[in-house]
Amino acid sequence: MAGSAASESILFIGAILATTAVVGALVPVIQELSGDLRDRGRTTGDRLASDISIINDAEAMATSPLVVYVKNTGQTSLVVTDFTFLLDGQVSTNTTYDVLDASDDTTLHPAQVLQATVNDLSVTVGDHRIRAVAGTGADAGLTFYEAGP
Amino acid sequence: MGLAQAAAFALLAGASLFMGGLGVNAAISAQDEVDAARQDAAERQRRAVGTDHRVDEVTLDALAAEVDVLATNQGTATLQADRGDVLIDGYVATAYITATTIDGATSTTWTNGAQVTYTLDYDAFLEEVRGISPILILLDITAFVPQTAAVATDNGIVATWRA
């Protein structure tokens with residue numbers, strides 16, 4: 001009788017220890033997965049909430065060098081250095097940025113306008129397409145005609 | 001033996017419920033974020049479809065010190081005049097602009113049919129944006145009459161005017 005109680009106690013303690021070990025191993029994994037899921041939701045939300053527009057006057061473009069005006073028409077602030085500019089499918093690797101009417105040129109807040117000067121791609125006579133892509137994936141494009149000097 | 005099994009089973013069930021709860025909570029909050037953003041995106045689309053405005057008139061004063069750009073909201077979307085931008089001859093002039101709302105519009109509620117005048121400090125604009133001295137402007141005002149003006153709404157839709 002006493003032996004049975006002792007063995008049951010040992011099994012009971014063993015079961016608790018085993019359960020604790022399993023739970024201890026699984027909880028961090030589940031927490032990490034939950035965190036990832038939340039982050040994914042936030043990222044998707046940010047992507048949907050971000051939006052940009054190119055507001056250049058297509059018939060009066062400054063093209064030497066090419067100046068692109070990008071307005072943040074979404075709800076989230078965008079990181080200026082994460083922007084990519086493409087002229088006729090070619091990526092610019094030398095673009096300078098100025099957030100107009102703002103002292104901070106690193107963040108483009110909602111309703112602000114970014115002046116991007118594309119220094120390394122020249123605009124020849126003819127039709128062109130400029131595309132701006134923000135770090136969140138929001139993008140905007142504009143087709144314009146360069147008539148020459 | 002029975003007690004140990006029952007205890008282990010209860011603990012495992014409790015732990016499973018806890019972990020399941022964590023997962024469900026994370027899924028719900030992620031879905032909430034996405035739903036809110038989706039609604040916002042749909043609202044932006046709706047506003048974009050309803051946005052239609054025109055630039056009626058661009059006037060330069062006698063000393064070429066000021067340019068007035070008059071615009072009318074002719075769409076169904078209510079716009080924000082103070083969040084619009086003005087381009088003169090292709091250059092954004094927003095930093096030199098003052099928005100004056102008329103016909104019942106306010107700076108944040110620019111409704112259908114209402115008009116807004118954007119007044120531009122043209123001297124400052126030419127000097128800083130185009131690098132043109134005000135003295136040159138006075139010598140030949142006609143050379144500096146704006147040829148194009150554009151108003152971009154707060155949602156980024158552009159209407160243009162040409163001389």
# chains A, B, ... in the order shown; residues from 1 in each chain; ligands from 1
>>> interface_residues(of="chain A", to="chain B", cutoff="7 Å", atoms="only C-alpha atoms", output="MDAnalysis selection string")
chainID A and resid 8 11:12 15:16 19 23 27 30 34 37:38 41:42 44:45 48:49 53 55:57 60:62 71 73 101 111
>>> write_last_selection(atoms="N, CA, C and O atoms", output="short mmCIF file (atom, residue, chain, number, x, y, z; two decimals), in the first residue's frame")
data_model
loop_
_atom_site.label_atom_id
_atom_site.label_comp_id
_atom_site.auth_asym_id
_atom_site.auth_seq_id
_atom_site.Cartn_x
_atom_site.Cartn_y
_atom_site.Cartn_z
N GLU A 8 3.13 6.10 -6.99
CA GLU A 8 2.20 7.07 -7.60
C GLU A 8 2.72 8.50 -7.47
O GLU A 8 2.62 9.31 -8.41
N LEU A 11 5.46 8.92 -9.97
CA LEU A 11 4.88 9.10 -11.31
C LEU A 11 4.26 10.50 -11.46
O LEU A 11 4.38 11.15 -12.50
N PHE A 12 3.58 10.93 -10.38
CA PHE A 12 2.94 12.25 -10.39
C PHE A 12 3.97 13.37 -10.59
O PHE A 12 3.84 14.25 -11.46
N ALA A 15 5.40 13.16 -14.00
CA ALA A 15 4.48 13.71 -15.01
C ALA A 15 4.52 15.24 -15.01
O ALA A 15 4.52 15.89 -16.06
N ILE A 16 4.55 15.83 -13.80
CA ILE A 16 4.60 17.30 -13.72
C ILE A 16 5.90 17.83 -14.32
O ILE A 16 5.89 18.80 -15.10
N THR A 19 5.71 17.50 -18.08
CA THR A 19 4.81 18.51 -18.65
C THR A 19 5.45 19.89 -18.63
O THR A 19 5.39 20.65 -19.60
N VAL A 23 6.07 22.16 -21.84
CA VAL A 23 5.49 23.51 -21.92
C VAL A 23 6.59 24.56 -22.00
O VAL A 23 6.52 25.51 -22.79
N VAL A 27 6.37 27.06 -25.14
CA VAL A 27 5.87 28.44 -24.95
C VAL A 27 6.71 29.48 -25.71
O VAL A 27 6.16 30.33 -26.43
N ILE A 30 5.84 29.24 -29.36
CA ILE A 30 4.51 29.79 -29.66
C ILE A 30 4.53 31.32 -29.56
O ILE A 30 3.94 32.03 -30.38
N SER A 34 3.62 33.86 -32.42
CA SER A 34 2.58 34.89 -32.23
C SER A 34 3.14 36.26 -32.57
O SER A 34 2.47 37.07 -33.23
N LEU A 37 3.42 36.62 -36.22
CA LEU A 37 2.10 36.80 -36.82
C LEU A 37 1.64 38.25 -36.65
O LEU A 37 1.13 38.88 -37.59
N ARG A 38 1.86 38.79 -35.45
CA ARG A 38 1.49 40.18 -35.19
C ARG A 38 2.29 41.13 -36.09
O ARG A 38 1.76 42.07 -36.67
N GLY A 41 1.03 41.06 -39.58
CA GLY A 41 -0.21 41.85 -39.67
C GLY A 41 0.09 43.33 -39.73
O GLY A 41 -0.47 44.07 -40.53
N ARG A 42 1.05 43.76 -38.89
CA ARG A 42 1.41 45.18 -38.86
C ARG A 42 2.04 45.60 -40.20
O ARG A 42 1.75 46.65 -40.74
N THR A 44 1.64 44.16 -43.14
CA THR A 44 0.60 44.19 -44.18
C THR A 44 -0.26 45.44 -44.03
O THR A 44 -0.60 46.11 -45.01
N GLY A 45 -0.57 45.77 -42.76
CA GLY A 45 -1.35 46.98 -42.49
C GLY A 45 -0.62 48.22 -42.97
O GLY A 45 -1.20 49.09 -43.62
N LEU A 48 -0.73 48.49 -46.71
CA LEU A 48 -2.03 48.96 -47.20
C LEU A 48 -2.26 50.43 -46.87
O LEU A 48 -2.91 51.15 -47.61
N ALA A 49 -1.72 50.86 -45.74
CA ALA A 49 -1.95 52.25 -45.29
C ALA A 49 -1.02 53.24 -45.98
O ALA A 49 -1.22 54.44 -45.89
N SER A 53 1.91 59.48 -54.50
CA SER A 53 1.53 59.94 -55.85
C SER A 53 2.65 60.82 -56.38
O SER A 53 3.24 61.59 -55.62
N ILE A 55 3.31 64.02 -58.30
CA ILE A 55 2.44 65.18 -58.60
C ILE A 55 3.08 66.14 -59.61
O ILE A 55 2.62 67.27 -59.73
N ASN A 56 4.11 65.68 -60.32
CA ASN A 56 4.68 66.56 -61.35
C ASN A 56 3.62 66.94 -62.38
O ASN A 56 2.71 66.16 -62.66
N ASP A 57 3.79 68.12 -62.94
CA ASP A 57 3.00 68.52 -64.10
C ASP A 57 3.69 67.86 -65.30
O ASP A 57 4.81 68.23 -65.66
N ALA A 60 5.28 70.02 -67.86
CA ALA A 60 6.28 71.02 -67.46
C ALA A 60 7.24 70.38 -66.47
O ALA A 60 7.31 70.76 -65.31
N MET A 61 7.97 69.40 -66.97
CA MET A 61 8.89 68.66 -66.10
C MET A 61 10.27 69.31 -66.13
O MET A 61 10.73 69.73 -67.18
N ALA A 62 10.90 69.38 -64.99
CA ALA A 62 12.31 69.76 -64.95
C ALA A 62 13.09 68.48 -65.24
O ALA A 62 13.01 67.52 -64.49
N LYS A 71 4.31 62.87 -53.43
CA LYS A 71 3.52 63.27 -52.28
C LYS A 71 3.10 62.02 -51.51
O LYS A 71 2.67 61.03 -52.11
N THR A 73 0.50 60.30 -49.85
CA THR A 73 -0.96 60.39 -49.77
C THR A 73 -1.56 59.29 -48.89
O THR A 73 -2.76 59.10 -48.86
N ASP A 101 9.55 72.09 -47.48
CA ASP A 101 8.93 72.79 -46.37
C ASP A 101 9.07 72.01 -45.06
O ASP A 101 8.15 72.02 -44.22
N ALA A 111 1.03 63.81 -46.34
CA ALA A 111 0.75 65.11 -46.96
C ALA A 111 2.01 65.89 -47.34
O ALA A 111 1.91 66.91 -48.01
#
>>> atom_distance(atom1="CA of Pro110 in chain A", atom2="CA of Thr95 in chain A")
21.2 Å
>>> select_by_dssp(residues="range 7-111 of chain B", states="strand (DSSP E or B)", output="ChimeraX atom specification")
/B:53-60,66-73,79,85-88,91-92,97-102,110
>>> select_by_dssp(residues="range 73-135 of chain B", states="helix (DSSP H, G or I)", output="mmCIF file with N, CA and C atoms, in the first residue's frame")
data_model
loop_
_atom_site.group_PDB
_atom_site.id
_atom_site.type_symbol
_atom_site.label_atom_id
_atom_site.label_comp_id
_atom_site.auth_asym_id
_atom_site.auth_seq_id
_atom_site.Cartn_x
_atom_site.Cartn_y
_atom_site.Cartn_z
ATOM 1 N N ALA B 81 -7.982 71.837 -48.459
ATOM 2 C CA ALA B 81 -7.266 72.876 -49.202
ATOM 3 C C ALA B 81 -5.856 73.095 -48.645
ATOM 4 N N ASP B 82 -5.723 73.033 -47.322
ATOM 5 C CA ASP B 82 -4.419 73.315 -46.728
ATOM 6 C C ASP B 82 -3.425 72.171 -46.894
ATOM 7 N N ARG B 83 -3.871 71.068 -47.463
ATOM 8 C CA ARG B 83 -2.959 69.957 -47.725
ATOM 9 C C ARG B 83 -2.720 69.783 -49.218
ATOM 10 N N THR B 94 4.656 75.141 -52.951
ATOM 11 C CA THR B 94 3.833 75.077 -51.742
ATOM 12 C C THR B 94 4.391 75.888 -50.575
ATOM 13 N N ALA B 95 5.708 75.947 -50.459
ATOM 14 C CA ALA B 95 6.317 76.669 -49.332
ATOM 15 C C ALA B 95 6.029 78.163 -49.390
ATOM 16 N N TYR B 96 5.628 78.648 -50.575
ATOM 17 C CA TYR B 96 5.425 80.105 -50.753
ATOM 18 C C TYR B 96 3.945 80.450 -50.906
ATOM 19 N N TYR B 122 5.502 85.332 -55.319
ATOM 20 C CA TYR B 122 6.196 85.002 -56.574
ATOM 21 C C TYR B 122 7.664 85.426 -56.542
ATOM 22 N N ASP B 123 7.957 86.553 -55.904
ATOM 23 C CA ASP B 123 9.358 87.008 -55.785
ATOM 24 C C ASP B 123 10.199 85.932 -55.108
ATOM 25 N N ALA B 124 9.707 85.493 -53.957
ATOM 26 C CA ALA B 124 10.458 84.506 -53.175
ATOM 27 C C ALA B 124 10.586 83.193 -53.938
ATOM 28 N N PHE B 125 9.497 82.813 -54.608
ATOM 29 C CA PHE B 125 9.498 81.564 -55.368
ATOM 30 C C PHE B 125 10.540 81.608 -56.489
ATOM 31 N N LEU B 126 10.520 82.711 -57.260
ATOM 32 C CA LEU B 126 11.459 82.811 -58.386
ATOM 33 C C LEU B 126 12.904 82.869 -57.903
ATOM 34 N N GLU B 127 13.091 83.608 -56.832
ATOM 35 C CA GLU B 127 14.452 83.773 -56.335
ATOM 36 C C GLU B 127 15.020 82.463 -55.769
ATOM 37 N N GLU B 128 14.204 81.768 -55.004
ATOM 38 C CA GLU B 128 14.736 80.569 -54.356
ATOM 39 C C GLU B 128 14.603 79.302 -55.192
ATOM 40 N N PRO B 134 14.801 89.207 -58.258
ATOM 41 C CA PRO B 134 13.604 90.063 -58.376
ATOM 42 C C PRO B 134 13.845 91.278 -59.268
ATOM 43 N N ILE B 135 15.097 91.743 -59.360
ATOM 44 C CA ILE B 135 15.391 92.914 -60.210
ATOM 45 C C ILE B 135 15.098 92.577 -61.671
#
>>> closest_residue(among="A:Gly89, A:Pro65, A:Gly74, A:Gly137", to="Val123 in chain A", atoms="only C-alpha atoms")
A:Pro65
>>> residues_around(residues="Ala138 in chain A", least_positions_apart="5", cutoff="7 Å", atoms="only C-alpha atoms", output="ChimeraX atom specification")
/A:47,50-52,133
>>> write_last_selection(atoms="N, CA, C and O atoms", output="tab-separated table (two decimals), in the first residue's frame")
chain	number	residue	atom	x	y	z
A	47	ARG	N	1.62	48.39	-45.26
A	47	ARG	CA	1.69	48.40	-46.73
A	47	ARG	C	0.38	48.93	-47.31
A	47	ARG	O	0.37	49.72	-48.25
A	50	SER	N	0.01	52.74	-46.65
A	50	SER	CA	0.93	53.68	-47.30
A	50	SER	C	0.56	53.86	-48.77
A	50	SER	O	0.14	52.91	-49.44
A	51	ASP	N	0.69	55.08	-49.21
A	51	ASP	CA	0.31	55.41	-50.58
A	51	ASP	C	1.10	56.64	-51.02
A	51	ASP	O	1.31	57.55	-50.21
A	52	ILE	N	1.52	56.66	-52.26
A	52	ILE	CA	2.25	57.83	-52.77
A	52	ILE	C	1.70	58.22	-54.14
A	52	ILE	O	1.11	57.40	-54.83
A	133	VAL	N	9.09	54.05	-56.02
A	133	VAL	CA	8.67	52.95	-55.15
A	133	VAL	C	9.14	53.25	-53.73
A	133	VAL	O	10.34	53.49	-53.50
>>> residues_around(residues="Gly126 in chain A", least_positions_apart="2", cutoff="8 Å", atoms="only C-alpha atoms", output="PDB file with all heavy atoms, in the first residue's frame")
ATOM      1  N   THR A 124      16.215  61.884 -72.584  1.00  0.00           N
ATOM      2  CA  THR A 124      16.376  62.230 -73.996  1.00  0.00           C
ATOM      3  C   THR A 124      15.019  62.657 -74.571  1.00  0.00           C
ATOM      4  O   THR A 124      13.984  62.509 -73.917  1.00  0.00           O
ATOM      5  CB  THR A 124      16.900  61.007 -74.774  1.00  0.00           C
ATOM      6  OG1 THR A 124      16.020  59.917 -74.497  1.00  0.00           O
ATOM      7  CG2 THR A 124      18.307  60.645 -74.354  1.00  0.00           C
ATOM      8  N   HIS A 128       8.759  59.064 -71.920  1.00  0.00           N
ATOM      9  CA  HIS A 128       9.454  58.421 -70.784  1.00  0.00           C
ATOM     10  C   HIS A 128       8.452  58.066 -69.709  1.00  0.00           C
ATOM     11  O   HIS A 128       7.373  58.655 -69.625  1.00  0.00           O
ATOM     12  CB  HIS A 128      10.516  59.354 -70.197  1.00  0.00           C
ATOM     13  CG  HIS A 128      11.577  59.704 -71.172  1.00  0.00           C
ATOM     14  ND1 HIS A 128      12.622  58.859 -71.472  1.00  0.00           N
ATOM     15  CD2 HIS A 128      11.757  60.802 -71.943  1.00  0.00           C
ATOM     16  CE1 HIS A 128      13.395  59.425 -72.385  1.00  0.00           C
ATOM     17  NE2 HIS A 128      12.888  60.607 -72.688  1.00  0.00           N
ATOM     18  N   TYR A 145       6.400  63.417 -71.795  1.00  0.00           N
ATOM     19  CA  TYR A 145       7.100  63.566 -73.071  1.00  0.00           C
ATOM     20  C   TYR A 145       8.134  64.671 -72.950  1.00  0.00           C
ATOM     21  O   TYR A 145       7.823  65.778 -72.498  1.00  0.00           O
ATOM     22  CB  TYR A 145       6.095  63.903 -74.186  1.00  0.00           C
ATOM     23  CG  TYR A 145       6.766  64.128 -75.525  1.00  0.00           C
ATOM     24  CD1 TYR A 145       7.215  63.049 -76.276  1.00  0.00           C
ATOM     25  CD2 TYR A 145       6.976  65.418 -76.019  1.00  0.00           C
ATOM     26  CE1 TYR A 145       7.844  63.246 -77.496  1.00  0.00           C
ATOM     27  CE2 TYR A 145       7.605  65.623 -77.239  1.00  0.00           C
ATOM     28  CZ  TYR A 145       8.039  64.533 -77.976  1.00  0.00           C
ATOM     29  OH  TYR A 145       8.678  64.730 -79.178  1.00  0.00           O
ATOM     30  N   GLU A 146       9.349  64.357 -73.320  1.00  0.00           N
ATOM     31  CA  GLU A 146      10.408  65.358 -73.291  1.00  0.00           C
ATOM     32  C   GLU A 146      10.586  65.904 -74.720  1.00  0.00           C
ATOM     33  O   GLU A 146      10.926  65.149 -75.638  1.00  0.00           O
ATOM     34  CB  GLU A 146      11.718  64.722 -72.777  1.00  0.00           C
ATOM     35  CG  GLU A 146      12.951  65.581 -72.929  1.00  0.00           C
ATOM     36  CD  GLU A 146      12.870  66.921 -72.195  1.00  0.00           C
ATOM     37  OE1 GLU A 146      12.099  67.045 -71.224  1.00  0.00           O
ATOM     38  OE2 GLU A 146      13.570  67.856 -72.616  1.00  0.00           O
ATOM     39  N   ALA A 147      10.325  67.194 -74.858  1.00  0.00           N
ATOM     40  CA  ALA A 147      10.378  67.788 -76.201  1.00  0.00           C
ATOM     41  C   ALA A 147      11.779  68.263 -76.575  1.00  0.00           C
ATOM     42  O   ALA A 147      12.045  68.574 -77.734  1.00  0.00           O
ATOM     43  CB  ALA A 147       9.412  68.952 -76.275  1.00  0.00           C
TER      44      ALA A 147
END
>>> residues_around(residues="Leu138 in chain B", least_positions_apart="6", cutoff="12 Å", atoms="only C-alpha atoms", output="number ranges by chain")
B: 61-65, 122-123, 132, 144-145
>>> atom_distance(atom1="CA of Gln115 in chain A", atom2="CA of Tyr69 in chain A")
4.7 Å
>>> residues_around(residues="Leu114 in chain A", least_positions_apart="4", cutoff="8 Å", atoms="only C-alpha atoms", output="list in words")
Val68, Tyr69, Val70, Lys71, Tyr97, Asp98, Val99, Leu100 and Leu108 of chain A
>>> write_last_selection(atoms="C-alpha atoms", output="mmCIF file, in the first residue's frame")
data_model
loop_
_atom_site.group_PDB
_atom_site.id
_atom_site.type_symbol
_atom_site.label_atom_id
_atom_site.label_comp_id
_atom_site.auth_asym_id
_atom_site.auth_seq_id
_atom_site.Cartn_x
_atom_site.Cartn_y
_atom_site.Cartn_z
ATOM 1 C CA VAL A 68 10.362 64.185 -59.350
ATOM 2 C CA TYR A 69 7.832 65.341 -56.767
ATOM 3 C CA VAL A 70 6.370 62.539 -54.666
ATOM 4 C CA LYS A 71 3.519 63.266 -52.277
ATOM 5 C CA TYR A 97 16.276 64.067 -51.627
ATOM 6 C CA ASP A 98 14.638 67.119 -50.111
ATOM 7 C CA VAL A 99 11.408 67.000 -48.125
ATOM 8 C CA LEU A 100 9.849 70.331 -49.075
ATOM 9 C CA LEU A 108 8.230 61.798 -45.450
#
>>> atom_distance(atom1="CA of Glu32 in chain A", atom2="CA of Asp82 in chain A")
27.2 Å
